[in-house]
Amino acid sequence: MKKVLMLGLVLVGVSGCSFAPSYTRPDLPTASQYHEKMTEEDGHWVPFKATEVSQTWWKAFHDPVLDDLERSGLVANQNLLAALARLDQGRSLAREQWANLWPTTGASATHQLTKISEHTMIFPVQNYPAFQTNQVQLDLNYELDLWGALRNAAHAADAQARASADDLATLALSTEAEIALDYESLRALDTELFETERLVRSWADNRTLTAVLVAGAEAAVPDQAQADLNWQMARQQLNELRLQRQQMEHALALLVGSNPEGFHIAPVRDELPHPLHPVPGMPSVLLERRPDVVSAEEKVKAANANIGVAKAAWFPVFNLTGYTGYGNTGYGPLLVAPNRLWSFGPTLSLPLFNVGQIAAANDLARAQWEESVANYRNTVLGAWREVEDQLAALRELEAEADAARGASAAAQQALEQARLRFEGGLTNRFEVLQAERAAALTLTGATQLRLRALASSIVLVKALGGGWSDSPDSAKSPASVGAHS
């Protein structure tokens, strides 16, 4: 017994080997700055140490309705709740894998009544036609992790659990961005609806005036048909915008985990907020904190550990098993010294011939690692592209929006002049109606461009992994990115 225990201690002492390769982050070409200019003044990104990550970047819009929607989405979005459940599953699997490193013990008890045939040829049983067997015992089983298979499996499960946490963070950031995008789109639709309603009224007035002129033979019948066509097309556009607004409300209801039937956001005719701009000096290495990039690297770590699990399958598996307890055949007390029983000893199993199964498992683990490395590199490159795209889009769309605002202001000024001329008897009502329609159309176009610029800034925040702060004081501010005025 002592020799067996000594052997077990020796085996435990040498357990510490691992066949998993030493982990190093996959090589990836990076740059110290973004190709797209952040501002016209500096034209590059100056590295600095980000001190804190903001979790409420949308507060920069200063909109209490949006704040309520974001809070509701983060606690009631069903996709987020499903991802949270997946995270709990991953953590449970990791705890289960770590538990495999420890001995397992169990208790058992048996009571069995046996009758042997009276005509058996082994020995006569006339005096003992039946007997019973009683036994209670404690069992022990311990697999010695000599080659690191169990530890590497546990490390792989840990990495997968961390990847699940990062996937949850990725989904949360995407949900925040989608809520903000849909909400601002809803507000843009409110403005477009107001202007389109004004268009419908204008075309209705135009239709009425044309009918008067046709009746007085001052206009041709085709002019009446054209006026009717313009009015009907404006009404069609109005109904389409109303449908889009209802569908956008339904989309927001789904994002915040509400029933669309009772979900409603009151229309508001107001200008859209200014696009968000990153804090000057944001480093390009900020991409490393993106949760999807971190998740992809955790999956590389898991695949790296699984290589060690696969390699360990070539080597023997050592187990220490044993039990101790009491047993008798039903006569006299059970828990007494003469009835004591025990067994303890090591077992060894070694694969000899398995038709290439272990070799295939090793090739599979290596291929899965290569896949995870490629996925990681693709995630980083994709993140880099997203930032470059949104920086370019934000710059160009803001320039377009500025031009559209100028056009809208000019159209509004033309409308005022047309009204003054009409009031002075220098023109007719048709010129005023035409100026009204031009002003409405230019304002709608400016709103759409402003929405696109605003959407690009929201996607940029998402592409950079959320909000940020560049100093301890600014980290305490309610918003991590500032609205550009």
# chains A, B, ... in the order shown; residues from 1 in each chain; ligands from 1

$ select_by_dssp --residues "segment 221-383 of chain A" --states "alpha helix (DSSP H)" --output "PyMOL selection string"
chain A and resi 221-255+291-312+357-383

$ write_last_selection --atoms "C-alpha atoms" --output "short mmCIF file (atom, residue, chain, number, x, y, z; two decimals), in the first residue's frame"
data_model
loop_
_atom_site.label_atom_id
_atom_site.label_comp_id
_atom_site.auth_asym_id
_atom_site.auth_seq_id
_atom_site.Cartn_x
_atom_site.Cartn_y
_atom_site.Cartn_z
CA VAL A 221 -56.42 70.35 -70.40
CA PRO A 222 -53.00 68.60 -70.32
CA ASP A 223 -51.93 71.14 -67.69
CA GLN A 224 -54.73 69.85 -65.46
CA ALA A 225 -53.59 66.25 -66.01
CA GLN A 226 -50.02 67.19 -65.07
CA ALA A 227 -51.21 68.97 -61.94
CA ASP A 228 -53.23 65.90 -60.94
CA LEU A 229 -50.22 63.67 -61.55
CA ASN A 230 -47.93 65.79 -59.38
CA TRP A 231 -50.49 65.84 -56.57
CA GLN A 232 -51.04 62.07 -56.65
CA MET A 233 -47.30 61.35 -56.71
CA ALA A 234 -46.77 63.58 -53.68
CA ARG A 235 -49.55 61.73 -51.83
CA GLN A 236 -47.93 58.42 -52.75
CA GLN A 237 -44.60 59.59 -51.38
CA LEU A 238 -46.29 60.72 -48.16
CA ASN A 239 -47.90 57.31 -47.62
CA GLU A 240 -44.57 55.59 -48.28
CA LEU A 241 -42.82 57.74 -45.65
CA ARG A 242 -45.57 56.98 -43.13
CA LEU A 243 -45.06 53.27 -43.77
CA GLN A 244 -41.29 53.64 -43.32
CA ARG A 245 -41.81 55.40 -40.00
CA GLN A 246 -44.11 52.69 -38.70
CA GLN A 247 -41.64 49.99 -39.73
CA MET A 248 -38.80 51.91 -38.08
CA GLU A 249 -40.81 52.06 -34.86
CA HIS A 250 -41.37 48.31 -35.06
CA ALA A 251 -37.63 47.75 -35.57
CA LEU A 252 -36.86 49.84 -32.49
CA ALA A 253 -39.46 47.91 -30.49
CA LEU A 254 -37.70 44.66 -31.35
CA LEU A 255 -34.30 46.10 -30.40
CA PRO A 291 -14.44 43.24 -28.49
CA ASP A 292 -14.65 41.28 -31.75
CA VAL A 293 -10.87 41.57 -32.19
CA VAL A 294 -10.30 40.43 -28.61
CA SER A 295 -12.75 37.56 -29.11
CA ALA A 296 -10.95 36.44 -32.26
CA GLU A 297 -7.64 36.36 -30.38
CA GLU A 298 -9.17 34.38 -27.51
CA LYS A 299 -10.28 31.79 -30.05
CA VAL A 300 -6.69 31.58 -31.30
CA LYS A 301 -5.59 30.91 -27.71
CA ALA A 302 -8.22 28.19 -27.37
CA ALA A 303 -7.09 26.54 -30.60
CA ASN A 304 -3.47 26.77 -29.45
CA ALA A 305 -4.33 24.94 -26.20
CA ASN A 306 -6.29 22.29 -28.10
CA ILE A 307 -3.12 21.41 -30.03
CA GLY A 308 -1.64 20.36 -26.68
CA VAL A 309 -4.72 18.26 -25.94
CA ALA A 310 -4.40 16.47 -29.29
CA LYS A 311 -0.66 15.80 -28.88
CA ALA A 312 -1.16 14.33 -25.41
CA GLN A 357 -7.47 8.49 -35.37
CA ILE A 358 -4.95 10.29 -33.17
CA ALA A 359 -2.98 11.55 -36.17
CA ALA A 360 -6.22 12.84 -37.70
CA ALA A 361 -7.13 14.56 -34.42
CA ASN A 362 -3.73 16.29 -34.37
CA ASP A 363 -4.14 17.42 -37.99
CA LEU A 364 -7.62 18.69 -37.13
CA ALA A 365 -6.32 20.69 -34.16
CA ARG A 366 -3.59 22.24 -36.28
CA ALA A 367 -6.04 23.12 -39.06
CA GLN A 368 -8.45 24.66 -36.53
CA TRP A 369 -5.59 26.78 -35.17
CA GLU A 370 -4.70 27.98 -38.67
CA GLU A 371 -8.36 28.84 -39.27
CA SER A 372 -8.55 30.83 -36.03
CA VAL A 373 -5.37 32.75 -36.97
CA ALA A 374 -6.79 33.61 -40.38
CA ASN A 375 -10.07 34.69 -38.78
CA TYR A 376 -8.19 36.87 -36.30
CA ARG A 377 -6.19 38.58 -39.02
CA ASN A 378 -9.31 39.07 -41.11
CA THR A 379 -11.14 40.58 -38.13
CA VAL A 380 -8.33 43.07 -37.52
CA LEU A 381 -8.08 44.00 -41.19
CA GLY A 382 -11.84 44.32 -41.39
CA ALA A 383 -11.84 46.59 -38.36
#

$ closest_atom_pairs --of "segment 184-217 of chain A" --to "segment 426-435 of chain A" --cutoff "10 Å" --atoms "only C-alpha atoms" --output "tab-separated table"
residue	atom	partner	partner_atom	distance
A:Leu199	CA	A:Leu433	CA	9.1
A:Arg201	CA	A:Leu433	CA	9.5
A:Ser202	CA	A:Leu433	CA	5.8
A:Trp203	CA	A:Leu433	CA	7.8
A:Ala204	CA	A:Leu433	CA	10.0
A:Asp205	CA	A:Leu433	CA	7.9
A:Asn206	CA	A:Phe430	CA	6.8
A:Leu209	CA	A:Phe430	CA	8.1
A:Thr210	CA	A:Phe430	CA	9.2

$ select_by_dssp --residues "segment 289-391 of chain A" --states "strand (DSSP E or B)" --output "ChimeraX atom specification"
/A:317-328,340-349

$ write_last_selection --atoms "C-alpha atoms" --output "CSV table (one decimal), in the first residue's frame"
chain,number,residue,atom,x,y,z
A,317,VAL,CA,-3.1,7.8,-19.5
A,318,PHE,CA,-2.4,7.1,-15.8
A,319,ASN,CA,-5.3,6.8,-13.4
A,320,LEU,CA,-5.3,6.1,-9.6
A,321,THR,CA,-8.4,4.1,-8.6
A,322,GLY,CA,-9.5,2.6,-5.4
A,323,TYR,CA,-12.3,2.0,-2.9
A,324,THR,CA,-12.7,1.2,0.7
A,325,GLY,CA,-15.7,0.1,2.7
A,326,TYR,CA,-17.5,-2.9,4.4
A,327,GLY,CA,-19.2,-6.0,3.1
A,328,ASN,CA,-20.8,-9.2,4.3
A,340,ARG,CA,-13.6,-4.2,6.0
A,341,LEU,CA,-12.5,-4.2,2.3
A,342,TRP,CA,-10.3,-2.0,0.2
A,343,SER,CA,-8.5,-1.7,-3.1
A,344,PHE,CA,-6.1,0.8,-4.5
A,345,GLY,CA,-3.7,1.0,-7.4
A,346,PRO,CA,-2.7,2.7,-10.6
A,347,THR,CA,-3.9,1.8,-14.1
A,348,LEU,CA,-2.3,2.7,-17.4
A,349,SER,CA,-3.8,2.8,-20.9

$ residues_around --residues "segment 390-400 of chain A" --least-positions-apart "4" --cutoff "6 Å" --atoms "only C-alpha atoms" --output "PyMOL selection string"
chain A and resi 453+456+460

$ write_last_selection --atoms "N, CA, C and O atoms" --output "PDB file, in the first residue's frame"
ATOM      1  N   ALA A 453     -24.337  61.483 -42.636  1.00  0.00           N
ATOM      2  CA  ALA A 453     -23.126  61.869 -41.905  1.00  0.00           C
ATOM      3  C   ALA A 453     -23.208  61.441 -40.448  1.00  0.00           C
ATOM      4  O   ALA A 453     -22.234  60.937 -39.872  1.00  0.00           O
ATOM      5  N   SER A 456     -22.677  57.732 -40.234  1.00  0.00           N
ATOM      6  CA  SER A 456     -21.257  57.389 -40.385  1.00  0.00           C
ATOM      7  C   SER A 456     -20.501  57.603 -39.077  1.00  0.00           C
ATOM      8  O   SER A 456     -19.626  56.810 -38.720  1.00  0.00           O
ATOM      9  N   LEU A 460     -18.644  54.830 -36.943  1.00  0.00           N
ATOM     10  CA  LEU A 460     -17.234  55.040 -36.596  1.00  0.00           C
ATOM     11  C   LEU A 460     -16.996  54.749 -35.117  1.00  0.00           C
ATOM     12  O   LEU A 460     -15.994  54.112 -34.757  1.00  0.00           O
TER      13      LEU A 460
END

$ residues_around --residues "Asp68 of chain A" --least-positions-apart "4" --cutoff "12 Å" --atoms "only C-alpha atoms" --output "list of chain:residue names"
A:Thr56, A:Trp58, A:Lys59, A:His62, A:Asp63, A:Pro64, A:Ser72, A:Gly73, A:Leu74, A:Val75, A:Ala76, A:Glu176, A:Ile179, A:Ala180, A:Tyr183, A:Leu252, A:Val256, A:Ile265

$ write_last_selection --atoms "N, CA, C and O atoms" --output "JSON list (two decimals), in the first residue's frame"
[["chain", "number", "residue", "atom", "x", "y", "z"],
["A", 56, "THR", "N", -21.34, 54.80, -22.31],
["A", 56, "THR", "CA", -22.55, 55.57, -22.63],
["A", 56, "THR", "C", -22.23, 56.64, -23.66],
["A", 56, "THR", "O", -22.53, 57.82, -23.46],
["A", 58, "TRP", "N", -23.56, 57.36, -26.43],
["A", 58, "TRP", "CA", -24.71, 58.00, -27.06],
["A", 58, "TRP", "C", -25.22, 59.22, -26.28],
["A", 58, "TRP", "O", -26.01, 60.00, -26.79],
["A", 59, "LYS", "N", -24.78, 59.40, -25.04],
["A", 59, "LYS", "CA", -25.22, 60.55, -24.26],
["A", 59, "LYS", "C", -24.73, 61.87, -24.86],
["A", 59, "LYS", "O", -25.20, 62.94, -24.48],
["A", 62, "HIS", "N", -27.43, 64.09, -26.13],
["A", 62, "HIS", "CA", -28.27, 64.82, -25.17],
["A", 62, "HIS", "C", -29.76, 64.67, -25.49],
["A", 62, "HIS", "O", -30.51, 65.64, -25.54],
["A", 63, "ASP", "N", -30.17, 63.43, -25.71],
["A", 63, "ASP", "CA", -31.56, 63.14, -26.04],
["A", 63, "ASP", "C", -32.10, 62.14, -25.02],
["A", 63, "ASP", "O", -31.71, 60.97, -25.05],
["A", 64, "PRO", "N", -32.99, 62.55, -24.11],
["A", 64, "PRO", "CA", -33.49, 61.64, -23.09],
["A", 64, "PRO", "C", -34.28, 60.46, -23.66],
["A", 64, "PRO", "O", -34.26, 59.37, -23.06],
["A", 72, "SER", "N", -33.12, 50.48, -22.18],
["A", 72, "SER", "CA", -34.06, 49.36, -22.33],
["A", 72, "SER", "C", -33.47, 48.26, -23.20],
["A", 72, "SER", "O", -33.62, 47.07, -22.91],
["A", 73, "GLY", "N", -32.78, 48.67, -24.27],
["A", 73, "GLY", "CA", -32.19, 47.68, -25.16],
["A", 73, "GLY", "C", -31.13, 46.83, -24.48],
["A", 73, "GLY", "O", -31.04, 45.62, -24.73],
["A", 74, "LEU", "N", -30.35, 47.43, -23.62],
["A", 74, "LEU", "CA", -29.26, 46.69, -22.97],
["A", 74, "LEU", "C", -29.76, 45.69, -21.93],
["A", 74, "LEU", "O", -29.03, 44.77, -21.56],
["A", 75, "VAL", "N", -30.98, 45.86, -21.45],
["A", 75, "VAL", "CA", -31.50, 44.93, -20.43],
["A", 75, "VAL", "C", -32.59, 44.02, -20.97],
["A", 75, "VAL", "O", -32.88, 42.99, -20.34],
["A", 76, "ALA", "N", -33.20, 44.35, -22.12],
["A", 76, "ALA", "CA", -34.34, 43.57, -22.58],
["A", 76, "ALA", "C", -34.18, 43.03, -24.00],
["A", 76, "ALA", "O", -35.05, 42.29, -24.45],
["A", 176, "GLU", "N", -26.36, 48.88, -29.36],
["A", 176, "GLU", "CA", -26.36, 50.31, -29.05],
["A", 176, "GLU", "C", -26.33, 51.15, -30.32],
["A", 176, "GLU", "O", -27.08, 52.12, -30.47],
["A", 179, "ILE", "N", -29.67, 50.87, -32.29],
["A", 179, "ILE", "CA", -30.73, 51.67, -31.68],
["A", 179, "ILE", "C", -30.54, 53.15, -32.03],
["A", 179, "ILE", "O", -31.50, 53.84, -32.41],
["A", 180, "ALA", "N", -29.30, 53.64, -31.92],
["A", 180, "ALA", "CA", -29.04, 55.04, -32.24],
["A", 180, "ALA", "C", -29.32, 55.32, -33.72],
["A", 180, "ALA", "O", -29.92, 56.35, -34.07],
["A", 183, "TYR", "N", -33.13, 55.23, -34.33],
["A", 183, "TYR", "CA", -33.79, 56.36, -33.70],
["A", 183, "TYR", "C", -33.56, 57.64, -34.50],
["A", 183, "TYR", "O", -34.50, 58.42, -34.75],
["A", 252, "LEU", "N", -37.34, 49.38, -33.80],
["A", 252, "LEU", "CA", -36.86, 49.84, -32.49],
["A", 252, "LEU", "C", -37.50, 49.04, -31.37],
["A", 252, "LEU", "O", -36.84, 48.71, -30.36],
["A", 256, "VAL", "N", -35.43, 46.91, -28.41],
["A", 256, "VAL", "CA", -35.52, 47.18, -26.96],
["A", 256, "VAL", "C", -36.37, 46.13, -26.25],
["A", 256, "VAL", "O", -36.69, 46.29, -25.08],
["A", 265, "ILE", "N", -43.28, 56.17, -30.49],
["A", 265, "ILE", "CA", -42.42, 57.32, -30.23],
["A", 265, "ILE", "C", -43.09, 58.52, -30.89],
["A", 265, "ILE", "O", -43.32, 58.52, -32.10]]

$ closest_residue --among "A:Val355, A:Ala439, A:Ala403, A:Leu350" --to "Glu416 of chain A" --atoms "only C-alpha atoms"
A:Ala439

$ closest_atom_pairs --of "segment 130-164 of chain A" --to "segment 101-108 of chain A" --cutoff "7 Å" --atoms "only C-alpha atoms" --output "JSON lines"
{"residue": "A:Val136", "atom": "CA", "partner": "A:Ser108", "partner_atom": "CA", "distance": 5.8}
{"residue": "A:Gln137", "atom": "CA", "partner": "A:Ser108", "partner_atom": "CA", "distance": 5.6}
{"residue": "A:Leu138", "atom": "CA", "partner": "A:Ala107", "partner_atom": "CA", "distance": 4.5}
{"residue": "A:Asp139", "atom": "CA", "partner": "A:Gly106", "partner_atom": "CA", "distance": 5.1}
{"residue": "A:Leu140", "atom": "CA", "partner": "A:Thr105", "partner_atom": "CA", "distance": 4.6}
{"residue": "A:Asn141", "atom": "CA", "partner": "A:Thr104", "partner_atom": "CA", "distance": 5.3}
{"residue": "A:Tyr142", "atom": "CA", "partner": "A:Pro103", "partner_atom": "CA", "distance": 4.3}
{"residue": "A:Leu150", "atom": "CA", "partner": "A:Leu101", "partner_atom": "CA", "distance": 6.4}

$ closest_residue --among "A:Phe19, A:Phe353, A:Phe61, A:Phe422" --to "His274 of chain A" --atoms "only C-alpha atoms"
A:Phe61

$ atom_distance --atom1 "atom CA of Arg437 of chain A" --atom2 "atom CA of Gly216 of chain A"
25.4 Å
